[in-house]
Every structure is written in C-alpha cells, then in structure tokens.
Amino acid sequence: MGRVKDTMVTDEFITCPECDGDGHNYYERPVKRWSASDIGELEEYRADCDNCDGSGEVMALMEDEWDGY
C-alpha cells in the first residue's frame, strides 16, 4: 500500500480559478415580483468572489503525492 502526503500550501499565488482573476463573480438570488405573490424570479448581481474575497488571487496548493502502491 502507498502513503499519501498531506496537501501543503505554498507561498505562491495563482489566478483565482472561479473568477479568472477579476475578483468578482455574478450570482443569482430570488426576488419576489410583488409582496402579495409567492411567484418570483431570479435576479443576477455582481459581488466579490467567494473563493478569493475579491483579490483575484489564491494561494497555490501542492498536489497530493503518492509514494508507491
């Protein structure tokens, strides 16, 4: 059987894969059409990326390494 080394964080930053370095994403939220109705629609809005908190970069993770089988 092989051993799995822990995933380690490096000091290197890479472009955020979720927002492609923009720092913002478009999300959807439900909005009612009027207060007396339970029918609504989805509204698109722009907000800071959840993955990088708006910086456009995230710390790179080293790949898991397998030692033998």
# chains A, B, ... in the order shown; residues from 1 in each chain; ligands from 1
>>> residues_around(residues="Asp48 in chain A", least_positions_apart="4", cutoff="10 Å", atoms="only C-alpha atoms", output="PyMOL selection string")
chain A and resi 19+22-27+52-56
>>> write_last_selection(atoms="N, CA and C atoms", output="tab-separated table (two decimals), in the first residue's frame")
chain	number	residue	atom	x	y	z
A	19	CYS	N	-13.04	33.17	-10.59
A	19	CYS	CA	-13.36	34.47	-11.20
A	19	CYS	C	-12.37	34.85	-12.30
A	22	ASP	N	-10.55	38.29	-11.95
A	22	ASP	CA	-11.33	39.53	-11.95
A	22	ASP	C	-11.64	40.00	-10.52
A	23	GLY	N	-11.79	39.07	-9.60
A	23	GLY	CA	-12.13	39.40	-8.22
A	23	GLY	C	-13.62	39.49	-7.97
A	24	HIS	N	-14.42	39.39	-9.03
A	24	HIS	CA	-15.89	39.47	-8.90
A	24	HIS	C	-16.53	38.34	-9.69
A	25	ASN	N	-17.68	37.93	-9.24
A	25	ASN	CA	-18.49	36.93	-9.93
A	25	ASN	C	-19.92	37.41	-10.01
A	26	TYR	N	-20.67	36.80	-10.89
A	26	TYR	CA	-22.10	37.07	-10.98
A	26	TYR	C	-22.84	35.93	-10.30
A	27	TYR	N	-23.74	36.28	-9.42
A	27	TYR	CA	-24.53	35.33	-8.67
A	27	TYR	C	-26.01	35.60	-8.92
A	52	CYS	N	-11.75	34.00	-3.55
A	52	CYS	CA	-10.56	34.84	-3.31
A	52	CYS	C	-10.88	36.12	-2.54
A	53	ASP	N	-12.12	36.31	-2.14
A	53	ASP	CA	-12.56	37.50	-1.41
A	53	ASP	C	-12.29	38.80	-2.16
A	54	GLY	N	-12.33	38.74	-3.48
A	54	GLY	CA	-12.19	39.93	-4.30
A	54	GLY	C	-10.77	40.28	-4.70
A	55	SER	N	-9.78	39.51	-4.28
A	55	SER	CA	-8.39	39.83	-4.61
A	55	SER	C	-7.98	39.36	-6.00
A	56	GLY	N	-8.64	38.34	-6.52
A	56	GLY	CA	-8.29	37.81	-7.83
A	56	GLY	C	-7.20	36.76	-7.79
>>> closest_residue(among="A:Asp11, A:Arg29, A:Ala36, A:Glu18", to="Asn51 in chain A", atoms="only C-alpha atoms")
A:Glu18
>>> residues_around(residues="Thr15 in chain A", least_positions_apart="6", cutoff="8 Å", atoms="only C-alpha atoms", output="JSON, numbers by chain")
{"A": [21, 56, 57, 58]}
>>> write_last_selection(atoms="N, CA and C atoms", output="compact mmCIF listing (two decimals), in the first residue's frame")
# COMPACT_ATOMS: atom_id res chain seq x y z
N GLY A 21 -9.36 35.81 -12.07
CA GLY A 21 -8.53 36.95 -11.70
C GLY A 21 -9.26 38.28 -11.64
N GLY A 56 -8.64 38.34 -6.52
CA GLY A 56 -8.29 37.81 -7.83
C GLY A 56 -7.20 36.76 -7.79
N GLU A 57 -6.63 36.51 -6.60
CA GLU A 57 -5.57 35.52 -6.45
C GLU A 57 -5.84 34.62 -5.24
N VAL A 58 -5.39 33.39 -5.34
CA VAL A 58 -5.48 32.44 -4.23
C VAL A 58 -4.12 31.77 -4.07
>>> atom_distance(atom1="CA of Ala47 in chain A", atom2="CA of Met59 in chain A")
20.6 Å
>>> residues_around(residues="Glu41 in chain A", least_positions_apart="3", cutoff="10 Å", atoms="only C-alpha atoms", output="ChimeraX atom specification")
/A:28-33,44
>>> atom_distance(atom1="CA of Asp50 in chain A", atom2="CA of Phe13 in chain A")
16.4 Å
